[in-house]
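One structure below.
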Amino acid sequence: MNAAPIKLKSREAPLLQVKGLKKHFAMSKPFLNRLLEGGEQQTVKAVDGLDLDIPRGQTLSLVGESGCGKSTVARLIMGLSSPSGGSILFDGADISRAPAGQPADIRRRMQMIFQDPYASLNPRWRVADIIAEPLRTYGMCASRQEQRREVDRLLEFVGLNAKDGDKFPHEFSGGQRQRISIARAISTKPEFLVCDEPTSALDVSVQAQILNLMREMQRELGLTYLFISHDLAVVNFMSDWIGVMYLGRLVEVSPAAELFANPQHPYTRLLLDTIPDLEMSKRDRQPAAGEVPNPINPPPGCHFRPRCALANERCRREAPVLRVYDGGVSASCHAVEEGRANEPITVQASAAQSLRAAV
Amino acid sequence: MALLEVENLKVEFPTRKGVLTAVDNVSFNVEQGEILGVVGESGAGKSMTGAAVIGLLEPPGRIGGGQIRLDGKRIDNLSPDEMRKIRGRHIGAIFQDPLTSLNPLFTVGEQLVETIRTHLPMSAADAKKRAIGWLAEVGIPAPDRRFDQYPHQFSGGMRQRVVIALALCAEPRLIIADEPTTALDVSVQAQIIALLKRVCRERNAAAILVTHDMGVIAETADRVAVMYAGRLAEIGPVAHVLQKPSHPYTAGLMGSIPRVGPRPKRLIQIEGSMPRLTDIPSGCAFNPRCPKVFAECHRIRPELRPVADGAAACLLYEGVTQ
Ligand SMILES: Nc1ncnc2c1ncn2[C@@H]1O[C@H](COP(=O)(O)OP(=O)(O)OP(=O)(O)O)[C@@H](O)[C@H]1O
Ligand SMILES: Nc1ncnc2c1ncn2[C@@H]1O[C@H](COP(=O)(O)OP(=O)(O)OP(=O)(O)O)[C@@H](O)[C@H]1O
Ligand code: SF4
Ligand code: SF4
Ligand SMILES: [Mg+2]
Ligand SMILES: [Mg+2]
């Protein structure tokens, strides 16, 4: 078996293509506020024009701070939410206006694994029924016996016991429950899995088991993953490609190794600085400057400008677009484009630091 | 004398099926100004150890044996009233869910002023000034305006900052922080950990920092204790435990953490899962999962013994022949 990522053969179309994807939420202010502050409707631009290609058999991960829109992208792709604009092509077919589960022949090929293995399994159902549900939905087994055989096979495939099918979710540990979710997700033999923080609720030792299982599944079944995690080391282990999101937009998309070795966008560099260092004990990590940004009415121009040490007048006026550079790297930043992003970036003093003198 | 001494601590839960031992014979010290990290799988007994120290075990949980001493004085047998005086003034607490530490009915400022004035002799005006100072210290923008707001008007990360301010504002000498950043955003986590570390250092406060996050431990702790199934598997200086672990469980745990840099084909994985309290195997509790297990491991329960500059509970270090 080959651990190296399957390289995209030229001209082979990506399995998933997202173009100009948008999701805007209207925030209705309380009546009194609207009266006092003016009637302007506020919108959260949770996803604001996203372009993304995921090659077949590879993993693209989305990273970024809480609220940057990662889960919203996942939900849009799965049809759990309908986009305000843009398109989603799965194997060439536009599914962006189709509701969840429709069209069945395409949706069967896409499944999702959620963060919380407690909330995502129906506590009143036996594990065998939970796993068989998608099989029934898509009419994939001719008989009950065939269905049960398939469930047993899936349980063993994810490292559980066929007998576990008769138990209820509460009889399992967190890691085992996540294995059950995975068995259910792969029951329809999907080609594409969306995994939204699949190990964030798990211990590191359990996480290792699940991540190993997911990589094995990818090798054996040729799966394509959209993987979401806030843990950059986990993302490094899982990904061929990494997309960095900031306030609903992609700021950088690069091959995983390239992103870690040679981050381009100032925000990517800031994120990499937040990775805890296991080798260097008691180092004072440079904490990320500034607050997690507010997605309501972000600043004009570049959304990252208020936290960016390289910002200038152009960044205030003009929103940067994603441009392609050598080595498969794309970044949306004026400084990168102008070739002035390669000086080391000094992180601005955080609010905490500048206010410390007050104590 | 160490600031905190925990000796043979036992935490029990009486149940219909018998008494469960969630923390079993755990001993460790925390020195003045030292940060002790506590790691281990979910259910290992980390929170129960912390809760016992700060006197906040929820019934029916109870201390079933051992002693806890602060400055040489026993605190495990104090009345709830006496313990309440120690909490806040001498031991501060930060929990994972900020809402458990905040009262929704009072403004953040009122809660800070109240805590400060309960423990420190100070005028209301001075306490307010100090409370605003603490809000600034923990990185809350516009602290003088935020002072008059209620907890629900803060985001999750902001609330945890307020809780940290509350835990620290009476300047306790020991802080128990149980997963203080688990509910927070990664970029904020780094800020909060840096904050906690700096404040402890500047005020020579000690801390027990419970977390699953080895990265946080690596950057913050002086020593680290590794718990498994209610016991200490290993304790020692952070560099030693993280880089040259003595106990096979610690070695597995460290290997299972993904890292940046060249990616391996597989992560090291500890097979199986930690036993429930009701079926802890005889001998070494780790024996069903241990890659180095040998016959005696099923019979003899290892005790914590000095190994290198720390200690480990593993028969490999007790001179038991394989
Ligand atoms: N149904 C909704 N109505 C209004 N706003 C929403 C809704 N769903 C998401 N949002 C907003 O959209 C933004 C993006 O949310 P999303 O859940 O996609 O973030 P995320 O990147 O997955 O964050 P996290 O890391 O916390 O999971 C947030 O500001 C969120 O508050
Ligand atoms: N009320 C209770 N009755 C019986 N057992 C309990 C009770 N509360 C906790 N326990 C048990 O005590 C043990 C130790 O729990 P503790 O909360 O200390 O674990 P932990 O190491 O903090 O785990 P986590 O990482 O999940 O927070 C667990 O096995 C738990 O099931
Ligand atoms: S476009 Fe300007 S503000 Fe935005 S990241 Fe680049 S340099 Fe910074
Ligand atoms: S005592 Fe035996 S089973 Fe336990 S950790 Fe040591 S070698 Fe492994
Ligand atoms: Mg999310
Ligand atoms: Mg706990």
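Numbering starts fresh at 1 for the residues of each chain in the structure tokens, the chains themselves are lettered A, B, ... in the order given, and ligands are numbered from 1 as they appear.
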How would you write, as a PyMOL selection string, the set of residues no farther than 7 Å from ligand 6 when counting only C-alpha atoms and all ligand atoms? chain B and resi 42-43+46-47+178
Filtered DSSP result for range 100-260 of chain A, state helix (DSSP H, G or I), as a ChimeraX atom specification: /A:104-107,127-137,144-157,162-166,169-171,174-185,204-221,232-238,256-260
For the strand (DSSP E or B) assignment from backbone DSSP, which residues of range 74-289 of chain B qualify? Please present them as an mmCIF file with all heavy atoms, in the first residue's frame.
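Result went into selection.cif, see below:
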```
data_model
loop_
_atom_site.group_PDB
_atom_site.id
_atom_site.type_symbol
_atom_site.label_atom_id
_atom_site.label_comp_id
_atom_site.auth_asym_id
_atom_site.auth_seq_id
_atom_site.Cartn_x
_atom_site.Cartn_y
_atom_site.Cartn_z
ATOM 1 N N ARG B 74 -3.747 20.693 57.487
ATOM 2 C CA ARG B 74 -4.718 19.848 56.788
ATOM 3 C C ARG B 74 -5.926 20.655 56.325
ATOM 4 O O ARG B 74 -6.476 21.443 57.092
ATOM 5 C CB ARG B 74 -5.196 18.737 57.711
ATOM 6 C CG ARG B 74 -4.246 17.548 57.718
ATOM 7 C CD ARG B 74 -4.815 16.417 58.508
ATOM 8 N NE ARG B 74 -5.883 15.733 57.779
ATOM 9 C CZ ARG B 74 -6.387 14.574 58.172
ATOM 10 N NH1 ARG B 74 -5.943 13.969 59.261
ATOM 11 N NH2 ARG B 74 -7.346 14.001 57.489
ATOM 12 N N ILE B 91 -6.901 29.406 47.512
ATOM 13 C CA ILE B 91 -6.948 28.545 46.322
ATOM 14 C C ILE B 91 -8.014 29.093 45.377
ATOM 15 O O ILE B 91 -9.167 29.256 45.770
ATOM 16 C CB ILE B 91 -7.324 27.086 46.679
ATOM 17 C CG1 ILE B 91 -6.459 26.562 47.835
ATOM 18 C CG2 ILE B 91 -7.165 26.186 45.459
ATOM 19 C CD1 ILE B 91 -6.756 25.121 48.207
ATOM 20 N N GLY B 92 -7.620 29.387 44.157
ATOM 21 C CA GLY B 92 -8.580 29.862 43.161
ATOM 22 C C GLY B 92 -8.920 28.739 42.202
ATOM 23 O O GLY B 92 -8.129 27.811 42.032
ATOM 24 N N ALA B 93 -10.106 28.824 41.579
ATOM 25 C CA ALA B 93 -10.505 27.740 40.684
ATOM 26 C C ALA B 93 -10.963 28.271 39.338
ATOM 27 O O ALA B 93 -11.631 29.296 39.253
ATOM 28 C CB ALA B 93 -11.623 26.920 41.314
ATOM 29 N N ILE B 94 -10.582 27.570 38.288
ATOM 30 C CA ILE B 94 -11.043 27.877 36.933
ATOM 31 C C ILE B 94 -11.516 26.572 36.317
ATOM 32 O O ILE B 94 -10.749 25.613 36.263
ATOM 33 C CB ILE B 94 -9.897 28.449 36.079
ATOM 34 C CG1 ILE B 94 -9.261 29.668 36.757
ATOM 35 C CG2 ILE B 94 -10.388 28.806 34.684
ATOM 36 C CD1 ILE B 94 -7.937 30.077 36.150
ATOM 37 N N LEU B 174 -2.489 29.331 45.153
ATOM 38 C CA LEU B 174 -2.631 28.103 44.366
ATOM 39 C C LEU B 174 -3.869 28.241 43.493
ATOM 40 O O LEU B 174 -4.919 28.688 43.963
ATOM 41 C CB LEU B 174 -2.779 26.894 45.298
ATOM 42 C CG LEU B 174 -3.032 25.545 44.613
ATOM 43 C CD1 LEU B 174 -1.817 25.118 43.798
ATOM 44 C CD2 LEU B 174 -3.368 24.471 45.644
ATOM 45 N N ILE B 175 -3.737 27.880 42.237
ATOM 46 C CA ILE B 175 -4.872 27.927 41.321
ATOM 47 C C ILE B 175 -5.109 26.531 40.787
ATOM 48 O O ILE B 175 -4.168 25.859 40.365
ATOM 49 C CB ILE B 175 -4.590 28.897 40.166
ATOM 50 C CG1 ILE B 175 -4.575 30.325 40.695
ATOM 51 C CG2 ILE B 175 -5.633 28.770 39.073
ATOM 52 C CD1 ILE B 175 -3.631 31.200 39.976
ATOM 53 N N ILE B 176 -6.358 26.087 40.847
ATOM 54 C CA ILE B 176 -6.703 24.818 40.222
ATOM 55 C C ILE B 176 -7.428 25.155 38.927
ATOM 56 O O ILE B 176 -8.502 25.745 38.959
ATOM 57 C CB ILE B 176 -7.647 23.990 41.115
ATOM 58 C CG1 ILE B 176 -7.124 23.973 42.545
ATOM 59 C CG2 ILE B 176 -7.880 22.608 40.507
ATOM 60 C CD1 ILE B 176 -6.486 22.750 43.007
ATOM 61 N N ALA B 177 -6.824 24.818 37.821
ATOM 62 C CA ALA B 177 -7.438 25.125 36.527
ATOM 63 C C ALA B 177 -7.762 23.799 35.849
ATOM 64 O O ALA B 177 -6.867 23.067 35.449
ATOM 65 C CB ALA B 177 -6.473 25.958 35.680
ATOM 66 N N ASP B 178 -9.053 23.496 35.740
ATOM 67 C CA ASP B 178 -9.475 22.216 35.167
ATOM 68 C C ASP B 178 -9.945 22.452 33.741
ATOM 69 O O ASP B 178 -11.034 22.975 33.515
ATOM 70 C CB ASP B 178 -10.599 21.606 36.019
ATOM 71 C CG ASP B 178 -10.891 20.153 35.626
ATOM 72 O OD1 ASP B 178 -10.380 19.700 34.587
ATOM 73 O OD2 ASP B 178 -11.638 19.488 36.368
ATOM 74 N N ALA B 206 1.192 29.197 42.550
ATOM 75 C CA ALA B 206 1.338 27.843 42.015
ATOM 76 C C ALA B 206 0.047 27.456 41.318
ATOM 77 O O ALA B 206 -1.000 28.062 41.553
ATOM 78 C CB ALA B 206 1.635 26.866 43.142
ATOM 79 N N ALA B 207 0.106 26.462 40.439
ATOM 80 C CA ALA B 207 -1.124 26.029 39.768
ATOM 81 C C ALA B 207 -1.105 24.534 39.518
ATOM 82 O O ALA B 207 -0.050 23.941 39.288
ATOM 83 C CB ALA B 207 -1.305 26.781 38.450
ATOM 84 N N ILE B 208 -2.298 23.963 39.598
ATOM 85 C CA ILE B 208 -2.503 22.602 39.106
ATOM 86 C C ILE B 208 -3.323 22.763 37.840
ATOM 87 O O ILE B 208 -4.444 23.271 37.876
ATOM 88 C CB ILE B 208 -3.268 21.739 40.129
ATOM 89 C CG1 ILE B 208 -2.441 21.592 41.408
ATOM 90 C CG2 ILE B 208 -3.592 20.368 39.536
ATOM 91 C CD1 ILE B 208 -3.124 20.760 42.480
ATOM 92 N N LEU B 209 -2.753 22.381 36.730
ATOM 93 C CA LEU B 209 -3.380 22.624 35.441
ATOM 94 C C LEU B 209 -3.799 21.283 34.837
ATOM 95 O O LEU B 209 -2.954 20.513 34.378
ATOM 96 C CB LEU B 209 -2.385 23.358 34.531
ATOM 97 C CG LEU B 209 -2.801 23.614 33.101
ATOM 98 C CD1 LEU B 209 -4.044 24.499 33.042
ATOM 99 C CD2 LEU B 209 -1.664 24.280 32.335
ATOM 100 N N VAL B 210 -5.103 21.024 34.863
ATOM 101 C CA VAL B 210 -5.628 19.782 34.308
ATOM 102 C C VAL B 210 -5.975 20.004 32.850
ATOM 103 O O VAL B 210 -6.679 20.960 32.518
ATOM 104 C CB VAL B 210 -6.906 19.350 35.066
ATOM 105 C CG1 VAL B 210 -7.529 18.136 34.399
ATOM 106 C CG2 VAL B 210 -6.595 19.063 36.524
ATOM 107 N N ARG B 223 6.306 20.529 36.136
ATOM 108 C CA ARG B 223 6.260 19.071 36.240
ATOM 109 C C ARG B 223 4.916 18.610 35.714
ATOM 110 O O ARG B 223 3.969 19.386 35.602
ATOM 111 C CB ARG B 223 6.418 18.641 37.692
ATOM 112 C CG ARG B 223 7.864 18.791 38.197
ATOM 113 C CD ARG B 223 8.021 18.159 39.566
ATOM 114 N NE ARG B 223 7.020 18.676 40.467
ATOM 115 C CZ ARG B 223 6.359 17.944 41.365
ATOM 116 N NH1 ARG B 223 6.597 16.648 41.479
ATOM 117 N NH2 ARG B 223 5.463 18.500 42.143
ATOM 118 N N VAL B 224 4.820 17.329 35.403
ATOM 119 C CA VAL B 224 3.549 16.807 34.913
ATOM 120 C C VAL B 224 3.251 15.467 35.574
ATOM 121 O O VAL B 224 4.153 14.661 35.814
ATOM 122 C CB VAL B 224 3.536 16.713 33.358
ATOM 123 C CG1 VAL B 224 4.708 15.918 32.836
ATOM 124 C CG2 VAL B 224 2.239 16.107 32.847
ATOM 125 N N ALA B 225 1.974 15.293 35.938
ATOM 126 C CA ALA B 225 1.511 14.036 36.505
ATOM 127 C C ALA B 225 0.614 13.361 35.474
ATOM 128 O O ALA B 225 -0.258 13.996 34.895
ATOM 129 C CB ALA B 225 0.719 14.303 37.789
ATOM 130 N N VAL B 226 0.839 12.083 35.216
ATOM 131 C CA VAL B 226 0.045 11.332 34.249
ATOM 132 C C VAL B 226 -0.851 10.367 35.025
ATOM 133 O O VAL B 226 -0.348 9.546 35.791
ATOM 134 C CB VAL B 226 0.956 10.530 33.297
ATOM 135 C CG1 VAL B 226 0.112 9.796 32.250
ATOM 136 C CG2 VAL B 226 1.965 11.443 32.627
ATOM 137 N N MET B 227 -2.152 10.516 34.842
ATOM 138 C CA MET B 227 -3.076 9.641 35.573
ATOM 139 C C MET B 227 -3.643 8.571 34.654
ATOM 140 O O MET B 227 -3.890 8.799 33.471
ATOM 141 C CB MET B 227 -4.219 10.452 36.181
ATOM 142 C CG MET B 227 -3.780 11.347 37.330
ATOM 143 S SD MET B 227 -5.184 12.007 38.270
ATOM 144 C CE MET B 227 -5.695 10.578 39.214
ATOM 145 N N TYR B 228 -3.853 7.398 35.220
ATOM 146 C CA TYR B 228 -4.496 6.318 34.472
ATOM 147 C C TYR B 228 -5.365 5.525 35.440
ATOM 148 O O TYR B 228 -4.877 5.054 36.464
ATOM 149 C CB TYR B 228 -3.455 5.397 33.829
ATOM 150 C CG TYR B 228 -4.084 4.392 32.894
ATOM 151 C CD1 TYR B 228 -4.464 4.764 31.606
ATOM 152 C CD2 TYR B 228 -4.351 3.085 33.306
ATOM 153 C CE1 TYR B 228 -5.070 3.868 30.751
ATOM 154 C CE2 TYR B 228 -4.961 2.177 32.459
ATOM 155 C CZ TYR B 228 -5.328 2.578 31.171
ATOM 156 O OH TYR B 228 -5.941 1.691 30.327
ATOM 157 N N ARG B 231 -5.132 6.309 39.184
ATOM 158 C CA ARG B 231 -3.835 6.303 39.857
ATOM 159 C C ARG B 231 -2.843 7.174 39.108
ATOM 160 O O ARG B 231 -3.043 7.506 37.948
ATOM 161 C CB ARG B 231 -3.284 4.879 39.909
ATOM 162 C CG ARG B 231 -4.200 3.921 40.626
ATOM 163 C CD ARG B 231 -3.458 2.634 40.918
ATOM 164 N NE ARG B 231 -3.586 2.299 42.315
ATOM 165 C CZ ARG B 231 -2.631 1.745 43.047
ATOM 166 N NH1 ARG B 231 -1.451 1.478 42.523
ATOM 167 N NH2 ARG B 231 -2.844 1.467 44.314
ATOM 168 N N LEU B 232 -1.752 7.494 39.778
ATOM 169 C CA LEU B 232 -0.670 8.165 39.090
ATOM 170 C C LEU B 232 0.161 7.108 38.384
ATOM 171 O O LEU B 232 0.650 6.178 39.013
ATOM 172 C CB LEU B 232 0.219 8.914 40.089
ATOM 173 C CG LEU B 232 -0.218 10.299 40.534
ATOM 174 C CD1 LEU B 232 0.856 10.927 41.407
ATOM 175 C CD2 LEU B 232 -0.505 11.187 39.331
ATOM 176 N N ALA B 233 0.313 7.250 37.071
ATOM 177 C CA ALA B 233 1.173 6.321 36.337
ATOM 178 C C ALA B 233 2.607 6.841 36.385
ATOM 179 O O ALA B 233 3.554 6.080 36.486
ATOM 180 C CB ALA B 233 0.708 6.177 34.899
ATOM 181 N N GLU B 234 2.716 8.163 36.301
ATOM 182 C CA GLU B 234 4.047 8.756 36.236
ATOM 183 C C GLU B 234 3.964 10.213 36.650
ATOM 184 O O GLU B 234 2.953 10.873 36.419
ATOM 185 C CB GLU B 234 4.587 8.645 34.795
ATOM 186 C CG GLU B 234 5.955 9.263 34.597
ATOM 187 C CD GLU B 234 6.640 8.794 33.310
ATOM 188 O OE1 GLU B 234 6.003 8.066 32.516
ATOM 189 O OE2 GLU B 234 7.810 9.159 33.122
ATOM 190 N N ILE B 235 5.033 10.707 37.272
ATOM 191 C CA ILE B 235 5.119 12.135 37.578
ATOM 192 C C ILE B 235 6.587 12.535 37.478
ATOM 193 O O ILE B 235 7.460 11.738 37.831
ATOM 194 C CB ILE B 235 4.521 12.449 38.977
ATOM 195 C CG1 ILE B 235 4.544 13.951 39.263
ATOM 196 C CG2 ILE B 235 5.223 11.676 40.094
ATOM 197 C CD1 ILE B 235 3.678 14.358 40.451
ATOM 198 N N GLY B 236 6.833 13.722 36.953
ATOM 199 C CA GLY B 236 8.225 14.140 36.834
ATOM 200 C C GLY B 236 8.352 15.460 36.100
ATOM 201 O O GLY B 236 7.346 16.042 35.679
ATOM 202 N N PRO B 237 9.575 15.948 35.936
ATOM 203 C CA PRO B 237 9.804 17.200 35.203
ATOM 204 C C PRO B 237 9.261 17.077 33.784
ATOM 205 O O PRO B 237 9.356 16.017 33.172
ATOM 206 C CB PRO B 237 11.333 17.326 35.177
ATOM 207 C CG PRO B 237 11.823 16.432 36.250
ATOM 208 C CD PRO B 237 10.829 15.343 36.396
#
```
Separation of CA of Arg305 in chain B from atom 7 (S, counted along the ligand's line) of ligand 4, in Å and rounded to one decimal: 13.6 Å
Counting only C-alpha atoms and all ligand atoms, name the residues that have an atom within 7 Å of an atom of ligand 2; the answer should be given as a ChimeraX atom specification. /B:13,15,20,22-23,40-49,60-61,212,230,276-277
Could you take the residues named above and write them with N, CA and C atoms, as a compact mmCIF listing (two decimals), in the first residue's frame?
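And here's selection-v4.txt as it stands now:
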```txt
# COMPACT_ATOMS: atom_id res chain seq x y z
N PHE B 13 -16.94 6.89 45.38
CA PHE B 13 -18.36 7.08 45.09
C PHE B 13 -19.13 5.86 45.56
N THR B 15 -22.01 3.49 45.48
CA THR B 15 -23.11 3.22 44.54
C THR B 15 -23.84 1.98 45.03
N LEU B 20 -17.14 2.76 44.46
CA LEU B 20 -16.19 2.91 43.35
C LEU B 20 -15.06 3.83 43.81
N ALA B 22 -12.55 6.35 42.52
CA ALA B 22 -12.23 7.15 41.33
C ALA B 22 -10.79 7.66 41.39
N VAL B 23 -10.30 7.91 42.61
CA VAL B 23 -8.91 8.32 42.79
C VAL B 23 -8.33 7.40 43.85
N GLY B 40 -4.12 12.80 31.23
CA GLY B 40 -4.64 11.44 31.28
C GLY B 40 -5.96 11.37 30.55
N GLU B 41 -6.36 10.16 30.18
CA GLU B 41 -7.60 9.99 29.42
C GLU B 41 -8.83 10.43 30.20
N SER B 42 -9.90 10.65 29.48
CA SER B 42 -11.17 10.98 30.10
C SER B 42 -11.54 9.89 31.12
N GLY B 43 -11.90 10.31 32.32
CA GLY B 43 -12.27 9.34 33.35
C GLY B 43 -11.12 8.88 34.22
N ALA B 44 -9.92 9.39 33.96
CA ALA B 44 -8.75 8.93 34.70
C ALA B 44 -8.75 9.40 36.15
N GLY B 45 -9.53 10.44 36.47
CA GLY B 45 -9.59 10.94 37.84
C GLY B 45 -8.96 12.30 38.03
N LYS B 46 -8.69 13.00 36.94
CA LYS B 46 -8.03 14.30 37.02
C LYS B 46 -8.91 15.32 37.74
N SER B 47 -10.16 15.43 37.28
CA SER B 47 -11.05 16.43 37.88
C SER B 47 -11.36 16.10 39.33
N MET B 48 -11.51 14.81 39.64
CA MET B 48 -11.82 14.43 41.01
C MET B 48 -10.66 14.78 41.95
N THR B 49 -9.45 14.63 41.47
CA THR B 49 -8.29 15.01 42.28
C THR B 49 -8.32 16.51 42.56
N PRO B 60 -22.53 12.14 45.75
CA PRO B 60 -22.03 11.30 46.84
C PRO B 60 -20.52 11.11 46.84
N GLY B 61 -19.80 11.80 45.96
CA GLY B 61 -18.34 11.67 45.97
C GLY B 61 -17.78 12.13 47.31
N HIS B 212 -6.14 17.90 28.61
CA HIS B 212 -5.76 16.79 27.74
C HIS B 212 -4.63 17.22 26.83
N GLY B 230 -7.47 6.22 37.73
CA GLY B 230 -7.54 6.64 39.12
C GLY B 230 -6.21 6.70 39.85
N ARG B 276 -13.38 0.72 32.75
CA ARG B 276 -14.27 1.45 33.65
C ARG B 276 -13.87 1.15 35.09
N LEU B 277 -14.33 2.01 36.01
CA LEU B 277 -13.97 1.82 37.42
C LEU B 277 -14.46 0.48 37.94
```
Per residue of chain A within 9 Å of ligand 5, what are the shortest atom pair and its distance in Å to one decimal, counting only C-alpha atoms and all ligand atoms, with rows by chain and residue number, as JSON lines?
```
{"residue": "A:Ser66", "atom": "CA", "partner": "ligand 5", "partner_atom_place_in_ligand_line": "1 (Mg)", "distance": 6.8}
{"residue": "A:Gly67", "atom": "CA", "partner": "ligand 5", "partner_atom_place_in_ligand_line": "1 (Mg)", "distance": 7.0}
{"residue": "A:Cys68", "atom": "CA", "partner": "ligand 5", "partner_atom_place_in_ligand_line": "1 (Mg)", "distance": 8.4}
{"residue": "A:Gly69", "atom": "CA", "partner": "ligand 5", "partner_atom_place_in_ligand_line": "1 (Mg)", "distance": 7.1}
{"residue": "A:Lys70", "atom": "CA", "partner": "ligand 5", "partner_atom_place_in_ligand_line": "1 (Mg)", "distance": 5.5}
{"residue": "A:Ser71", "atom": "CA", "partner": "ligand 5", "partner_atom_place_in_ligand_line": "1 (Mg)", "distance": 4.0}
{"residue": "A:Thr72", "atom": "CA", "partner": "ligand 5", "partner_atom_place_in_ligand_line": "1 (Mg)", "distance": 7.2}
{"residue": "A:Ala74", "atom": "CA", "partner": "ligand 5", "partner_atom_place_in_ligand_line": "1 (Mg)", "distance": 8.6}
{"residue": "A:Gln115", "atom": "CA", "partner": "ligand 5", "partner_atom_place_in_ligand_line": "1 (Mg)", "distance": 8.5}
{"residue": "A:Asp196", "atom": "CA", "partner": "ligand 5", "partner_atom_place_in_ligand_line": "1 (Mg)", "distance": 6.8}
{"residue": "A:Glu197", "atom": "CA", "partner": "ligand 5", "partner_atom_place_in_ligand_line": "1 (Mg)", "distance": 7.3}
{"residue": "A:Ile228", "atom": "CA", "partner": "ligand 5", "partner_atom_place_in_ligand_line": "1 (Mg)", "distance": 7.8}
{"residue": "A:Ser229", "atom": "CA", "partner": "ligand 5", "partner_atom_place_in_ligand_line": "1 (Mg)", "distance": 8.3}
{"residue": "A:His230", "atom": "CA", "partner": "ligand 5", "partner_atom_place_in_ligand_line": "1 (Mg)", "distance": 9.0}
```
Find the residues in chain B near chain A: any atom within 8 Å counts, using only C-alpha atoms. Write them as JSON, numbers by chain. {"B": [41, 42, 130, 133, 134, 136, 137, 138, 139, 140, 141, 185, 186, 187, 188, 190, 191, 194, 212, 214, 215, 216, 218, 219, 220, 221, 222, 238, 239, 242, 243, 252, 253, 256, 257, 258, 259, 260, 261, 262, 263, 264, 265, 266, 267, 268, 269, 270, 271, 273]}
